[in-house]
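> As input, take my_file-v2.csv (CSV, C-alpha atoms and all ligand atoms):
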```csv
chain,number,residue,atom,x,y,z
A,1,MET,CA,-48.9,-6.1,20.3
A,2,GLN,CA,-48.6,-6.9,24.0
A,3,PHE,CA,-47.9,-10.1,25.9
A,4,ASP,CA,-49.6,-10.7,29.3
A,5,SER,CA,-47.0,-12.1,31.7
A,6,LYS,CA,-47.6,-13.3,35.2
A,7,LYS,CA,-46.4,-10.0,36.7
A,8,CYS,CA,-47.0,-7.3,34.1
A,9,THR,CA,-48.0,-6.6,30.5
A,10,VAL,CA,-45.0,-6.6,28.2
A,11,ASP,CA,-44.8,-4.6,25.0
A,12,ALA,CA,-43.7,-6.9,22.1
A,13,ASP,CA,-41.5,-4.1,20.6
A,14,SER,CA,-39.5,-3.9,23.8
A,15,VAL,CA,-38.8,-7.6,23.7
A,16,ARG,CA,-37.8,-7.4,20.0
A,17,GLU,CA,-35.5,-4.5,20.6
A,18,LYS,CA,-33.9,-6.2,23.6
A,19,ALA,CA,-33.4,-9.4,21.6
A,20,LEU,CA,-31.7,-7.5,18.8
A,21,GLY,CA,-29.6,-5.6,21.3
A,22,ILE,CA,-28.5,-8.8,23.0
A,23,VAL,CA,-27.4,-10.4,19.7
A,24,ALA,CA,-25.7,-7.1,18.5
A,25,THR,CA,-23.7,-6.6,21.7
A,26,SER,CA,-22.9,-10.2,22.6
A,27,SER,CA,-19.1,-10.7,22.6
A,28,ALA,CA,-19.5,-14.4,21.8
A,29,LYS,CA,-21.9,-16.0,19.4
A,30,ILE,CA,-25.3,-16.5,21.0
A,31,THR,CA,-27.4,-19.7,20.7
A,32,PRO,CA,-31.2,-19.5,20.5
A,33,VAL,CA,-31.3,-21.2,24.0
A,34,ASN,CA,-29.0,-18.5,25.5
A,35,LEU,CA,-31.0,-15.7,23.9
A,36,ALA,CA,-34.3,-17.2,25.2
A,37,LYS,CA,-32.7,-17.4,28.7
A,38,ARG,CA,-31.6,-13.8,28.6
A,39,LEU,CA,-35.1,-12.7,27.5
A,40,PHE,CA,-36.7,-14.9,30.1
A,41,GLU,CA,-34.6,-13.3,32.9
A,42,LYS,CA,-35.6,-9.8,31.7
A,43,PHE,CA,-39.2,-10.1,30.8
A,44,GLU,CA,-40.7,-13.0,32.7
A,45,LEU,CA,-42.5,-14.2,29.6
A,46,ASN,CA,-43.3,-17.9,29.1
A,47,LYS,CA,-41.1,-20.1,26.8
A,48,LYS,CA,-43.7,-20.1,24.1
A,49,GLN,CA,-43.9,-16.3,23.9
A,50,ILE,CA,-40.2,-16.0,23.9
A,51,LYS,CA,-39.8,-18.6,21.1
A,52,SER,CA,-42.4,-16.8,19.1
A,53,VAL,CA,-40.5,-13.5,19.4
A,54,ILE,CA,-37.3,-15.2,18.2
A,55,ARG,CA,-39.1,-17.0,15.3
A,56,ASN,CA,-40.7,-13.7,14.2
A,57,LEU,CA,-37.4,-11.9,14.2
A,58,VAL,CA,-36.0,-14.6,11.9
A,59,ALA,CA,-39.0,-14.6,9.7
A,60,ALA,CA,-38.8,-10.8,9.4
A,61,GLY,CA,-35.2,-11.1,8.3
A,62,GLU,CA,-33.8,-9.3,11.3
A,63,LEU,CA,-32.0,-12.3,12.7
A,64,THR,CA,-30.6,-15.4,10.9
A,65,TYR,CA,-29.6,-18.8,12.1
A,66,THR,CA,-26.0,-19.8,11.5
A,67,TYR,CA,-24.4,-23.2,11.9
A,68,GLU,CA,-20.9,-23.7,13.1
A,69,TYR,CA,-19.1,-26.7,14.7
A,70,GLY,CA,-22.4,-28.6,15.0
A,71,SER,CA,-24.1,-25.7,16.9
A,72,THR,CA,-26.8,-23.3,15.9
A,73,PHE,CA,-26.4,-19.6,16.6
A,74,LEU,CA,-28.4,-16.5,16.0
A,75,GLU,CA,-26.8,-13.5,14.3
A,76,ARG,CA,-28.0,-10.2,12.9
A,77,SER,CA,-29.1,-10.8,9.3
A,78,PHE,CA,-27.3,-9.1,6.4
A,79,ALA,CA,-29.8,-10.5,3.9
A,80,ARG,CA,-31.5,-7.1,3.9
A,81,PRO,CA,-30.2,-3.5,4.0
A,82,VAL,CA,-28.3,-2.7,7.3
A,83,ARG,CA,-27.1,0.7,8.4
A,84,ILE,CA,-23.6,0.4,9.6
A,85,SER,CA,-22.9,4.0,10.5
A,86,LYS,CA,-24.6,7.3,10.3
A,87,HIS,CA,-24.5,7.5,6.5
A,88,ILE,CA,-23.3,4.1,5.2
A,89,VAL,CA,-25.7,1.3,4.5
A,90,LEU,CA,-24.9,-2.2,3.2
A,91,GLN,CA,-27.5,-3.6,0.9
A,92,PRO,CA,-27.8,-7.0,-0.8
A,93,PRO,CA,-28.4,-6.4,-4.5
A,94,GLY,CA,-32.1,-6.7,-5.3
A,95,HIS,CA,-33.3,-5.3,-2.0
A,96,HIS,CA,-34.8,-1.9,-1.8
A,97,HIS,CA,-33.5,0.7,0.7
A,98,ARG,CA,-35.3,4.0,1.2
A,99,ALA,CA,-32.1,6.1,1.3
A,100,LYS,CA,-31.9,9.2,3.4
A,101,PRO,CA,-30.2,12.3,1.9
A,102,ASN,CA,-26.4,11.8,2.1
A,103,ASP,CA,-26.7,8.0,2.5
A,104,VAL,CA,-24.0,6.0,0.9
A,105,VAL,CA,-25.5,2.6,-0.2
A,106,VAL,CA,-22.9,-0.1,-0.8
A,107,LYS,CA,-24.2,-3.2,-2.6
A,108,ILE,CA,-22.7,-6.4,-1.4
A,109,LYS,CA,-23.7,-9.9,-2.6
A,110,SER,CA,-23.7,-12.6,0.0
A,111,GLY,CA,-20.7,-14.9,-0.5
A,112,ALA,CA,-18.0,-17.0,1.1
A,113,SER,CA,-15.4,-14.2,1.5
A,114,PHE,CA,-15.1,-12.0,4.6
A,115,GLY,CA,-16.8,-8.7,4.4
A,116,ALA,CA,-20.6,-9.0,4.6
A,117,GLY,CA,-20.7,-6.5,7.5
A,118,ASN,CA,-21.5,-9.2,10.1
A,119,HIS,CA,-18.0,-8.8,11.8
A,120,PRO,CA,-17.2,-5.9,14.1
A,121,THR,CA,-13.8,-5.4,12.3
A,122,THR,CA,-15.6,-4.7,9.0
A,123,ARG,CA,-18.0,-2.3,10.7
A,124,LEU,CA,-15.2,-0.5,12.5
A,125,ALA,CA,-13.3,0.0,9.3
A,126,ILE,CA,-16.5,1.3,7.6
A,127,LYS,CA,-17.0,3.8,10.5
A,128,GLY,CA,-13.3,4.8,10.1
A,129,ILE,CA,-13.9,5.4,6.4
A,130,GLU,CA,-17.0,7.5,7.2
A,131,PHE,CA,-15.0,9.6,9.7
A,132,ALA,CA,-12.1,10.1,7.3
A,133,LEU,CA,-14.0,10.6,4.0
A,134,LEU,CA,-17.4,12.0,5.0
A,135,GLY,CA,-17.2,13.5,8.4
A,136,SER,CA,-14.0,15.6,8.2
A,137,GLN,CA,-12.1,17.5,5.6
A,138,ILE,CA,-8.9,15.5,6.0
A,139,VAL,CA,-8.7,14.2,2.5
A,140,ASP,CA,-8.9,16.8,-0.3
A,141,LYS,CA,-11.2,14.9,-2.7
A,142,ARG,CA,-10.7,17.5,-5.4
A,143,ASN,CA,-7.3,15.9,-5.9
A,144,ASP,CA,-6.6,12.8,-7.9
A,145,THR,CA,-7.1,10.5,-4.9
A,146,SER,CA,-6.6,6.8,-4.7
A,147,VAL,CA,-7.1,4.0,-2.3
A,148,LEU,CA,-5.3,0.7,-1.6
A,149,ASP,CA,-7.3,-2.0,0.2
A,150,ILE,CA,-5.0,-4.8,1.6
A,151,GLY,CA,-7.0,-8.0,2.1
A,152,THR,CA,-10.1,-6.7,0.3
A,153,GLY,CA,-12.3,-9.8,0.9
A,154,SER,CA,-15.7,-9.0,-0.5
A,155,GLY,CA,-14.4,-5.6,-1.6
A,156,VAL,CA,-16.7,-3.9,0.9
A,157,LEU,CA,-14.2,-1.3,2.3
A,158,LEU,CA,-12.7,-0.5,-1.1
A,159,ILE,CA,-16.1,0.0,-2.7
A,160,THR,CA,-17.2,2.1,0.3
A,161,ALA,CA,-14.2,4.4,0.0
A,162,ILE,CA,-14.8,4.9,-3.7
A,163,LEU,CA,-18.5,5.7,-3.1
A,164,CYS,CA,-17.4,8.1,-0.4
A,165,GLY,CA,-15.5,10.1,-3.0
A,166,ILE,CA,-12.0,8.5,-3.6
A,167,LYS,CA,-11.4,8.6,-7.4
A,168,SER,CA,-9.8,5.2,-8.0
A,169,GLY,CA,-8.8,2.0,-6.1
A,170,LEU,CA,-6.8,-1.1,-6.0
A,171,GLY,CA,-7.9,-4.1,-3.9
A,172,VAL,CA,-5.5,-7.0,-3.3
A,173,ASP,CA,-6.2,-10.4,-1.7
A,174,ILE,CA,-4.2,-13.6,-1.4
A,175,ASP,CA,-7.5,-15.6,-1.7
A,176,ALA,CA,-8.7,-16.2,-5.3
A,177,CYS,CA,-12.3,-16.7,-4.2
A,178,ALA,CA,-12.3,-13.3,-2.4
A,179,ARG,CA,-10.9,-11.7,-5.6
A,180,ILE,CA,-13.7,-13.2,-7.7
A,181,GLU,CA,-16.4,-12.0,-5.2
A,182,ALA,CA,-14.8,-8.6,-4.8
A,183,ALA,CA,-14.7,-8.1,-8.6
A,184,GLU,CA,-18.4,-9.1,-8.8
A,185,ASN,CA,-19.3,-6.6,-6.1
A,186,VAL,CA,-17.3,-3.9,-7.9
A,187,ARG,CA,-19.5,-4.8,-11.0
A,188,VAL,CA,-22.8,-4.6,-9.1
A,189,ASN,CA,-21.9,-1.2,-7.9
A,190,GLY,CA,-21.0,-0.1,-11.4
A,191,LEU,CA,-17.4,0.8,-10.4
A,192,GLU,CA,-15.4,-1.3,-13.0
A,193,GLU,CA,-13.8,1.9,-14.4
A,194,ARG,CA,-12.5,3.0,-11.1
A,195,ILE,CA,-11.4,-0.2,-9.2
A,196,VAL,CA,-8.9,-3.0,-10.0
A,197,VAL,CA,-8.9,-6.2,-7.9
A,198,SER,CA,-5.7,-8.1,-8.0
A,199,GLY,CA,-3.7,-10.9,-6.4
A,200,GLN,CA,-0.4,-9.0,-6.6
A,201,SER,CA,1.8,-8.8,-3.5
A,202,LEU,CA,2.4,-5.5,-1.8
A,203,GLY,CA,6.0,-5.7,-2.9
A,204,GLY,CA,4.9,-5.7,-6.5
A,205,ILE,CA,2.9,-2.5,-6.2
A,206,ARG,CA,4.7,0.7,-7.3
A,207,GLN,CA,1.9,3.3,-7.0
A,208,ARG,CA,1.5,5.5,-3.9
A,209,PHE,CA,-2.0,6.0,-2.4
A,210,SER,CA,-3.9,8.8,-0.6
A,211,VAL,CA,-5.8,6.2,1.6
A,212,ILE,CA,-4.7,2.7,2.6
A,213,LEU,CA,-7.2,0.3,4.2
A,214,ALA,CA,-6.3,-2.9,5.9
A,215,ASN,CA,-8.6,-5.1,8.1
A,216,LEU,CA,-5.9,-7.6,9.1
A,217,ARG,CA,-4.7,-9.0,12.4
A,218,PHE,CA,-2.1,-6.9,14.4
A,219,PRO,CA,0.9,-9.3,13.6
A,220,SER,CA,0.2,-8.8,9.9
A,221,LEU,CA,-0.2,-5.0,10.2
A,222,ASN,CA,3.0,-5.0,12.2
A,223,LYS,CA,4.9,-7.1,9.6
A,224,MET,CA,3.6,-4.9,6.7
A,225,LEU,CA,4.5,-1.6,8.3
A,226,PHE,CA,7.4,-0.8,6.0
A,227,GLN,CA,5.6,-1.9,2.9
A,228,ILE,CA,2.5,0.1,3.8
A,229,ASN,CA,4.7,3.1,4.5
A,230,ALA,CA,6.3,2.7,1.1
A,231,ARG,CA,2.9,2.8,-0.6
A,232,ALA,CA,1.6,5.8,1.3
A,233,ASP,CA,1.8,9.3,-0.3
A,234,THR,CA,2.8,12.4,1.7
A,235,ASN,CA,-0.6,13.0,3.4
A,236,CYS,CA,-1.8,9.4,3.4
A,237,LEU,CA,-4.5,8.2,5.7
A,238,LEU,CA,-4.4,4.7,7.1
A,239,ILE,CA,-7.7,3.1,8.1
A,240,LEU,CA,-6.8,0.0,10.1
A,241,SER,CA,-9.0,-2.6,11.7
A,242,GLY,CA,-8.6,-6.2,13.0
A,243,ILE,CA,-6.8,-5.0,16.1
A,244,ARG,CA,-7.8,-6.5,19.5
A,245,ASP,CA,-8.3,-3.7,22.1
A,246,HIS,CA,-5.2,-4.8,24.1
A,247,GLU,CA,-3.1,-4.6,20.9
A,248,LEU,CA,-4.0,-1.0,20.1
A,249,ASP,CA,-1.4,0.8,22.1
A,250,ASP,CA,1.4,-1.3,20.6
A,251,LEU,CA,0.0,-0.7,17.1
A,252,LEU,CA,-0.1,3.1,17.7
A,253,LYS,CA,3.5,3.0,19.0
A,254,VAL,CA,4.8,1.1,16.0
A,255,TYR,CA,3.0,3.3,13.5
A,256,GLN,CA,4.0,6.5,15.3
A,257,LYS,CA,7.7,5.7,14.7
A,258,LEU,CA,6.9,6.2,11.0
A,259,GLN,CA,5.1,9.5,11.7
A,260,PHE,CA,1.5,8.2,11.6
A,261,GLY,CA,-0.6,9.8,14.4
A,262,LYS,CA,-4.0,8.8,15.6
A,263,MET,CA,-7.0,10.8,14.4
A,264,TRP,CA,-9.8,8.5,15.4
A,265,THR,CA,-10.4,5.3,17.1
A,266,GLU,CA,-13.5,3.3,18.1
A,267,ASN,CA,-14.0,-0.2,19.5
A,268,GLU,CA,-16.7,-2.8,19.4
A,269,LEU,CA,-16.9,-6.2,21.1
A,270,GLY,CA,-13.2,-6.3,22.0
A,271,TRP,CA,-12.0,-5.0,18.6
A,272,SER,CA,-10.5,-1.6,17.7
A,273,GLY,CA,-10.4,0.4,14.5
A,274,VAL,CA,-8.1,3.4,13.9
A,275,VAL,CA,-7.6,6.2,11.5
A,276,LEU,CA,-4.0,7.4,11.3
A,277,LYS,CA,-2.5,10.3,9.4
A,278,ARG,CA,1.1,11.1,8.6
A,279,PHE,CA,2.1,14.2,10.6
A,301,LIG,C1,-10.5,-9.9,7.9
A,301,LIG,S1,-10.6,-10.1,6.1
A,301,LIG,C2,-11.1,-8.5,5.7
A,301,LIG,C3,-12.0,-8.4,4.5
A,301,LIG,C4,-12.6,-7.0,4.2
A,301,LIG,N1,-11.6,-6.1,3.9
A,301,LIG,C5,-13.4,-6.5,5.4
A,301,LIG,O1,-12.9,-5.6,6.1
A,301,LIG,O2,-14.4,-7.1,5.8
A,301,LIG,C6,-9.0,-10.3,5.7
A,301,LIG,C7,-8.7,-10.6,4.2
A,301,LIG,O3,-7.4,-10.4,3.9
A,301,LIG,C8,-6.9,-11.4,3.1
A,301,LIG,N2,-5.4,-11.5,3.5
A,301,LIG,C9,-4.8,-12.1,4.5
A,301,LIG,N3,-3.5,-11.9,4.5
A,301,LIG,C10,-3.3,-11.1,3.4
A,301,LIG,C11,-2.1,-10.6,2.8
A,301,LIG,N4,-0.9,-10.8,3.3
A,301,LIG,N5,-2.2,-10.0,1.6
A,301,LIG,C12,-3.4,-9.8,1.0
A,301,LIG,N6,-4.5,-10.3,1.5
A,301,LIG,C13,-4.5,-10.9,2.7
A,301,LIG,C14,-7.7,-12.6,3.5
A,301,LIG,O4,-7.8,-13.6,2.4
A,301,LIG,C15,-9.1,-12.0,3.8
A,301,LIG,O5,-9.9,-11.9,2.6
```
Could I get this structure in the form of structure tokens?
Ligand SMILES: C[S@@+](CC[C@H](N)C(=O)[O-])C[C@H]1O[C@@H](n2cnc3c(N)ncnc32)[C@H](O)[C@@H]1O


Amino acid sequence: MQFDSKKCTVDADSVREKALGIVATSSAKITPVNLAKRLFEKFELNKKQIKSVIRNLVAAGELTYTYEYGSTFLERSFARPVRISKHIVLQPPGHHHRAKPNDVVVKIKSGASFGAGNHPTTRLAIKGIEFALLGSQIVDKRNDTSVLDIGTGSGVLLITAILCGIKSGLGVDIDACARIEAAENVRVNGLEERIVVSGQSLGGIRQRFSVILANLRFPSLNKMLFQINARADTNCLLILSGIRDHELDDLLKVYQKLQFGKMWTENELGWSGVVLKRF
């Protein structure tokens, strides 16, 4: 389909792609009016045409309206399968995804807890898991591997790690609602035999783990340093997210003191994720 603008003929697919790109890369939540303005600057289409592009993206399930503090925003929709990284796809149960060979499809129900994939910190942690568990040989999956997910939310990271080959997992969260939703997501992925979700504190856990996941803010990651260290086995990998870009150097210094060195880092919209390994 094409739009005829005053100056040129515009391909509707380019407008769609641009709109999705603006929403995906905007560091602040974007309102429909702001998106329309950005598209208007770029494509010189009329208001009606731009409104129709946005409406069609919502109708197609690519974008969704969200409401916060009395304002309406447009966000990428996770009510359909979304590829987060090269191999990892988040899929709401009941939706079909035509998986490519080597895809890891993680079923996540929409809920109130954090971890639908719509936040950069979740996506960075998932990319860290892909790097650590699919891309490289840094965890020997023939061994009896285990993963601890601190602040499991929807359970998305924990379930991803298990589907990427870790044998068993424990997810903890201080929020009872998150624990209920994580347990339900464990069930829809058929992983009840391999995952336990609990409200126990880190201090109450005795086991050591091959992989520790934590998508928490830097002050929490800093405060938990010694407890995380105590739960890490000899070759443990830490996959950490929730770190603002400007906090990354401090986090790396703090963890380096306990012999955890950086193996991977990536950033998105002002947030950083890291994979650390004990050296
Ligand atoms: C940013 S969300 C991360 C959720 C999910 N892991 C993800 O990456 O999308 C942080 C979660 O940690 C939980 N949380 C915060 N502090 C915690 C703590 N000290 N111990 C356990 N859970 C905690 C919150 O309830 C919330 O569900």

> Between A:Ala183, A:Leu35, A:Leu213, A:Leu133, which is the closest to Val104 of chain A once you count all atoms listed in the file?

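Residue with the minimum atom-to-atom distance to Val104 of chain A: A:Leu133.
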
> Please, what distance in Å, to one decimal, runs between atom CA of Val106 of chain A and atom CA of His119 of chain A?

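Result for atom CA of Val106 of chain A versus atom CA of His119 of chain A: 16.1 Å, one decimal.
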
> Rounded to one decimal in Å, what is the spacing between atom CA of Arg83 of chain A and atom CA of Asp245 of chain A?

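Value for the atom CA of Arg83 of chain A-atom CA of Asp245 of chain A distance: 23.7 Å.
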
> Considering all atoms listed in the file, return as a PDB file with C-alpha atoms, in the coordinates of the input whatever protein or nucleic-acid residues lie within 8 Å of segment 184-201 of chain A, sequence-local ones (same chain, fewer than 3 positions apart) excluded.


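The resulting result.pdb:
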```
ATOM      1  CA  PRO A  93     -28.400  -6.400  -4.500  1.00  0.00           C
ATOM      2  CA  VAL A 106     -22.900  -0.100  -0.800  1.00  0.00           C
ATOM      3  CA  LYS A 107     -24.200  -3.200  -2.600  1.00  0.00           C
ATOM      4  CA  ILE A 108     -22.700  -6.400  -1.400  1.00  0.00           C
ATOM      5  CA  LYS A 109     -23.700  -9.900  -2.600  1.00  0.00           C
ATOM      6  CA  SER A 154     -15.700  -9.000  -0.500  1.00  0.00           C
ATOM      7  CA  GLY A 155     -14.400  -5.600  -1.600  1.00  0.00           C
ATOM      8  CA  VAL A 156     -16.700  -3.900   0.900  1.00  0.00           C
ATOM      9  CA  ILE A 159     -16.100   0.000  -2.700  1.00  0.00           C
ATOM     10  CA  ILE A 162     -14.800   4.900  -3.700  1.00  0.00           C
ATOM     11  CA  LYS A 167     -11.400   8.600  -7.400  1.00  0.00           C
ATOM     12  CA  SER A 168      -9.800   5.200  -8.000  1.00  0.00           C
ATOM     13  CA  GLY A 169      -8.800   2.000  -6.100  1.00  0.00           C
ATOM     14  CA  LEU A 170      -6.800  -1.100  -6.000  1.00  0.00           C
ATOM     15  CA  GLY A 171      -7.900  -4.100  -3.900  1.00  0.00           C
ATOM     16  CA  VAL A 172      -5.500  -7.000  -3.300  1.00  0.00           C
ATOM     17  CA  ASP A 173      -6.200 -10.400  -1.700  1.00  0.00           C
ATOM     18  CA  ILE A 174      -4.200 -13.600  -1.400  1.00  0.00           C
ATOM     19  CA  ASP A 175      -7.500 -15.600  -1.700  1.00  0.00           C
ATOM     20  CA  ALA A 176      -8.700 -16.200  -5.300  1.00  0.00           C
ATOM     21  CA  ARG A 179     -10.900 -11.700  -5.600  1.00  0.00           C
ATOM     22  CA  ILE A 180     -13.700 -13.200  -7.700  1.00  0.00           C
ATOM     23  CA  GLU A 181     -16.400 -12.000  -5.200  1.00  0.00           C
ATOM     24  CA  GLY A 204       4.900  -5.700  -6.500  1.00  0.00           C
ATOM     25  CA  ILE A 205       2.900  -2.500  -6.200  1.00  0.00           C
TER      26      ILE A 205
END
```

> Just to confirm, what's the straight-line distance from atom CA of Trp264 of chain A to atom CA of Lys127 of chain A in Å (one decimal)?

9.9 Å

> Nearest to Gly270 of chain A: which of A:Ala12, A:Ala161, A:Ala28, A:Val82 is it, counting all atoms listed in the file?

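When distances to Gly270 of chain A are compared using all atoms listed in the file, the smallest one comes from A:Ala28.
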
> Between A:Asp149, A:Glu247, A:Asp13, A:Glu268, which has the minimum distance to ligand LIG 301 (chain A) (counting only C-alpha atoms and all ligand atoms)?

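So, comparing all the options, the nearest one is A:Asp149.
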
> For Phe73 of chain A, which residue among A:Lys47, A:Ser52, A:Lys29, A:Pro92 is the nearest when counting all atoms listed in the file?

A:Lys29

> Check the smallest atom-to-atom distance from each of A:Leu74, A:Val211, A:Val15, A:Leu202 to Lys141 of chain A using all atoms listed in the file, then report the winner.

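Going through A:Leu74, A:Val211, A:Val15, A:Leu202 one by one, the smallest distance to Lys141 of chain A is for A:Val211.
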